[in-house]
>>> print(open('upload.txt').read())   # compact mmCIF, C-alpha atoms and all ligand atoms
# COMPACT_ATOMS: atom_id res chain seq x y z
CA MET A 30 10.91 -78.35 0.88
CA SER A 31 14.03 -77.68 2.98
CA ARG A 32 13.85 -77.13 6.72
CA VAL A 33 14.62 -73.44 6.29
CA ASP A 34 11.90 -73.08 3.65
CA LYS A 35 9.41 -74.84 5.93
CA LEU A 36 10.33 -72.51 8.75
CA LYS A 37 9.98 -69.55 6.46
CA ALA A 38 6.60 -70.68 5.18
CA SER A 39 5.40 -71.32 8.71
CA LEU A 40 6.48 -67.89 9.93
CA ILE A 41 5.02 -66.02 7.00
CA THR A 42 1.72 -67.89 7.25
CA LYS A 43 1.59 -67.17 10.96
CA ALA A 44 2.45 -63.51 10.45
CA LEU A 45 -0.23 -63.07 7.82
CA ARG A 46 -2.81 -64.82 9.95
CA VAL A 47 -2.04 -62.55 12.89
CA ALA A 48 -2.11 -59.48 10.66
CA ILE A 49 -5.48 -60.42 9.22
CA THR A 50 -7.32 -61.84 12.20
CA GLU A 51 -5.80 -60.44 15.36
CA ASP A 52 -5.31 -57.08 16.93
CA VAL A 53 -2.29 -55.79 15.06
CA VAL A 54 -2.11 -51.99 15.16
CA PRO A 55 -3.06 -50.74 11.71
CA ALA A 56 -0.23 -49.05 9.87
CA ARG A 57 -2.20 -45.81 9.67
CA VAL A 58 -2.45 -45.63 13.47
CA LEU A 59 1.28 -46.16 13.80
CA ARG A 60 1.91 -43.52 11.15
CA ALA A 61 -0.06 -41.01 13.17
CA LEU A 62 1.16 -42.07 16.58
CA TYR A 63 4.92 -42.40 16.53
CA PRO A 64 5.82 -39.17 14.71
CA MET A 65 3.50 -37.33 17.11
CA LEU A 66 5.13 -39.06 20.07
CA TYR A 67 8.56 -38.07 18.78
CA GLU A 68 7.56 -34.45 18.39
CA THR A 69 5.68 -34.00 21.64
CA LEU A 70 7.51 -36.07 24.28
CA PRO A 71 8.54 -33.57 26.94
CA LEU A 72 12.11 -34.84 27.23
CA LYS A 73 15.51 -33.49 26.30
CA GLU A 74 16.70 -34.79 22.97
CA GLU A 75 19.14 -37.37 24.31
CA GLU A 76 16.69 -38.63 26.91
CA LYS A 77 14.01 -38.88 24.25
CA GLU A 78 16.25 -40.94 21.96
CA GLY A 79 17.15 -43.30 24.81
CA TYR A 80 13.55 -43.59 25.93
CA LEU A 81 12.17 -44.36 22.48
CA TYR A 82 14.95 -46.89 21.81
CA ALA A 83 14.20 -48.60 25.14
CA LEU A 84 10.47 -48.61 24.43
CA GLY A 85 11.04 -50.16 21.00
CA TYR A 86 13.47 -52.65 22.54
CA GLN A 87 10.84 -53.88 24.99
CA MET A 88 8.26 -54.14 22.22
CA GLY A 89 10.71 -56.05 19.99
CA ARG A 90 11.39 -58.50 22.82
CA LYS A 91 7.70 -58.94 23.54
CA MET A 92 6.76 -59.51 19.91
CA GLU A 93 9.56 -62.01 19.57
CA GLU A 94 8.74 -63.88 22.76
CA GLU A 95 5.01 -64.03 22.23
CA PHE A 96 4.87 -64.53 18.55
CA GLU A 97 7.89 -66.07 16.90
CA HIS A 98 9.88 -67.69 19.66
CA ILE A 99 8.24 -71.07 19.35
CA VAL A 100 9.15 -71.23 15.67
CA TRP A 101 12.84 -70.68 16.46
CA LYS A 102 12.74 -73.16 19.32
CA MET A 103 11.61 -75.85 16.91
CA SER A 104 14.33 -75.00 14.41
CA LYS A 105 17.28 -77.35 14.08
CA PRO A 106 20.05 -76.51 13.44
CA PRO A 107 19.77 -73.50 15.75
CA LEU A 108 18.72 -70.22 14.26
CA THR A 109 21.62 -68.04 13.14
CA PHE A 110 21.81 -64.27 13.11
CA LYS A 111 21.65 -64.31 9.32
CA ASP A 112 18.48 -66.43 9.33
CA LEU A 113 16.91 -64.24 11.96
CA MET A 114 17.53 -61.07 9.97
CA TYR A 115 16.01 -62.68 6.91
CA PHE A 116 12.90 -63.76 8.83
CA PHE A 117 12.66 -60.45 10.67
CA VAL A 118 12.45 -58.57 7.40
CA LYS A 119 9.86 -60.99 5.93
CA GLY A 120 7.79 -61.04 9.10
CA ALA A 121 7.95 -57.27 9.63
CA THR A 122 6.87 -56.67 6.04
CA ALA A 123 3.94 -59.07 6.46
CA VAL A 124 2.60 -57.55 9.67
CA SER A 125 3.30 -53.86 9.11
CA ALA A 126 2.72 -53.28 5.40
CA ASP A 127 6.01 -51.33 5.42
CA LYS A 128 8.42 -52.08 2.60
CA ILE A 129 11.39 -53.49 4.50
CA GLU A 130 14.47 -55.04 2.88
CA LEU A 131 17.68 -56.70 3.93
CA GLU A 132 20.42 -54.83 2.12
CA GLU A 133 23.40 -56.69 3.57
CA VAL A 134 23.89 -59.54 6.00
CA ARG A 135 26.93 -61.21 7.57
CA GLU A 136 27.42 -63.44 10.63
CA ASP A 137 27.66 -60.45 12.95
CA ALA A 138 26.16 -57.48 11.11
CA ALA A 139 23.31 -56.53 8.83
CA VAL A 140 21.81 -53.54 7.09
CA VAL A 141 18.01 -53.23 7.13
CA VAL A 142 16.27 -50.69 4.89
CA ASN A 143 12.74 -49.40 5.42
CA ARG A 144 11.47 -47.59 2.33
CA THR A 145 8.06 -46.61 3.70
CA CYS A 146 8.92 -46.11 7.35
CA ALA A 147 5.86 -45.48 9.54
CA TYR A 148 7.98 -44.02 12.32
CA CYS A 149 8.99 -40.83 10.56
CA TRP A 150 6.01 -40.53 8.26
CA GLY A 151 5.15 -36.84 7.80
CA LEU A 152 8.53 -35.74 9.20
CA GLU A 153 10.44 -36.09 5.91
CA GLY A 154 13.36 -33.68 5.74
CA LYS A 155 12.35 -32.00 8.99
CA TYR A 156 15.29 -33.02 11.18
CA SER A 157 19.08 -32.97 10.92
CA LYS A 158 19.41 -36.48 12.37
CA PRO A 159 17.54 -39.79 12.42
CA VAL A 160 14.38 -40.07 14.53
CA CYS A 161 13.30 -43.74 14.27
CA PHE A 162 14.84 -44.81 17.58
CA TYR A 163 11.82 -46.95 18.38
CA TYR A 164 12.42 -49.07 15.31
CA SER A 165 16.15 -49.41 16.06
CA GLY A 166 15.27 -50.57 19.55
CA ALA A 167 12.68 -53.02 18.22
CA ILE A 168 15.22 -54.74 15.95
CA ALA A 169 17.69 -54.97 18.86
CA GLY A 170 15.07 -56.37 21.25
CA ALA A 171 13.76 -58.94 18.79
CA THR A 172 17.31 -60.09 17.98
CA GLU A 173 18.34 -60.48 21.61
CA ALA A 174 15.11 -62.26 22.53
CA ALA A 175 15.56 -64.75 19.69
CA LEU A 176 19.30 -65.39 19.93
CA GLY A 177 20.59 -64.12 23.27
CA GLY A 178 23.80 -62.11 23.04
CA THR A 179 23.91 -58.40 22.36
CA ALA A 180 22.47 -56.46 19.45
CA VAL A 181 23.07 -52.77 18.88
CA VAL A 182 21.17 -50.95 16.15
CA GLU A 183 21.98 -47.55 14.73
CA GLU A 184 19.88 -45.70 12.19
CA VAL A 185 22.36 -44.21 9.73
CA ASP A 186 19.97 -42.77 7.14
CA CYS A 187 16.47 -41.50 7.87
CA LYS A 188 13.71 -40.01 5.76
CA ALA A 189 13.26 -37.42 8.52
CA LYS A 190 16.86 -36.38 7.78
CA GLY A 191 16.09 -36.04 4.09
CA ASN A 192 17.42 -39.45 3.01
CA GLU A 193 15.47 -41.55 0.55
CA VAL A 194 15.08 -44.46 2.98
CA CYS A 195 15.52 -45.26 6.65
CA ARG A 196 18.64 -47.45 6.93
CA PHE A 197 19.54 -49.39 10.09
CA LYS A 198 22.94 -50.95 10.88
CA VAL A 199 22.64 -53.96 13.12
CA ARG A 200 25.69 -55.27 14.97
CA TYR A 201 25.45 -58.56 16.80
CA LYS A 202 27.66 -60.34 19.32
CA PRO A 203 26.66 -63.87 20.45
ZN ZN B 301 13.89 -43.06 10.01
>>> encode(input="upload.txt", output="structure tokens", more="lines below")
Ligand SMILES: [Zn+2]
Amino acid sequence: MSRVDKLKASLITKALRVAITEDVVPARVLRALYPMLYETLPLKEEEKEGYLYALGYQMGRKMEEEFEHIVWKMSKPPLTFKDLMYFFVKGATAVSADKIELEEVREDAAVVVNRTCAYCWGLEGKYSKPVCFYYSGAIAGATEAALGGTAVVEEVDCKAKGNEVCRFKVRYKP
């Protein structure tokens, strides 16, 4: 078993254990909560987008620091952006029950697709632009917490906008 495979196995096992035994928010709660939050937050649109992104960012950082950080710290050679994106997608799928895929990945950019996005569930086709700012922020926060540097995430397709999937472009600078 290669080092990367060991790391992968360790993360997935850990993720599943947390999902099964600890207090992970059930997907159905998230599905009810975030779309409602998006629709009822008493903020102007731009403020709302920034707020939700920032909220997701903090959550992404927290999840990363509390949950996966130790795995990366033990990894040698150091974790790369590509590895992180791969693990993020595996880990996120394990803990959230969402169907999340890595569509593209390079040293400094990636495309993440969520086919069953909880964040715009029930809002399909209702908006003219993406709404899953929380999820964009979460990817950015997790990436920065794991690797340092700067990550910016933009949702380019969204089920709330009538697209078939939610699609997130991740850009990373070490
Ligand atoms: Zn979306």
>>> residues_near_ligand(input="upload.txt", ligand="ligand ZN 301 (chain B)", cutoff="6 Å", atoms="only C-alpha atoms and all ligand atoms", output="list of chain:residue names")
A:Cys149, A:Pro159, A:Val160, A:Cys161, A:Cys187, A:Lys188, A:Ala189, A:Cys195
>>> residues_near_point(input="upload.txt", point="(23.4, -53.0, 7.1)", cutoff="10 Å", atoms="only C-alpha atoms", output="list in words")
Leu131, Glu132, Glu133, Val134, Arg135, Ala138, Ala139, Val140, Val141, Val142, Val182, Glu183, Glu184, Val185, Arg196, Phe197, Lys198, Val199 and Arg200 of chain A
>>> closest_residue(input="upload.txt", among="A:Glu173, A:Asp127, A:Glu76, A:Asp112", to="A:Lys91", atoms="all atoms listed in the file")
A:Glu173
>>> atom_distance(input="upload.txt", atom1="atom CA of A:Lys73", atom2="atom CA of A:Met92")
28.2 Å
>>> atom_distance(input="upload.txt", atom1="atom CA of A:Gly177", atom2="atom CA of A:Cys146")
26.7 Å
>>> residues_near_point(input="upload.txt", point="(18.6, -64.8, 7.6)", cutoff="10 Å", atoms="all atoms listed in the file", output="number ranges by chain")
A: 33, 37, 108-119, 131, 134-136, 139
>>> atom_distance(input="upload.txt", atom1="atom CA of A:Lys158", atom2="atom CA of A:Asp186")
8.2 Å
>>> closest_residue(input="upload.txt", among="A:Asn143, A:Gly170, A:Tyr148, A:Tyr156", to="A:Val194", atoms="all atoms listed in the file")
A:Asn143
>>> axis_aligned_box(input="upload.txt", around="stretch 156-161 of chain A", padding_each_side="3 Å", output="JSON")
{"center_x": 16.4, "center_y": -38.4, "center_z": 12.7, "size_x": 12.1, "size_y": 16.8, "size_z": 9.6}
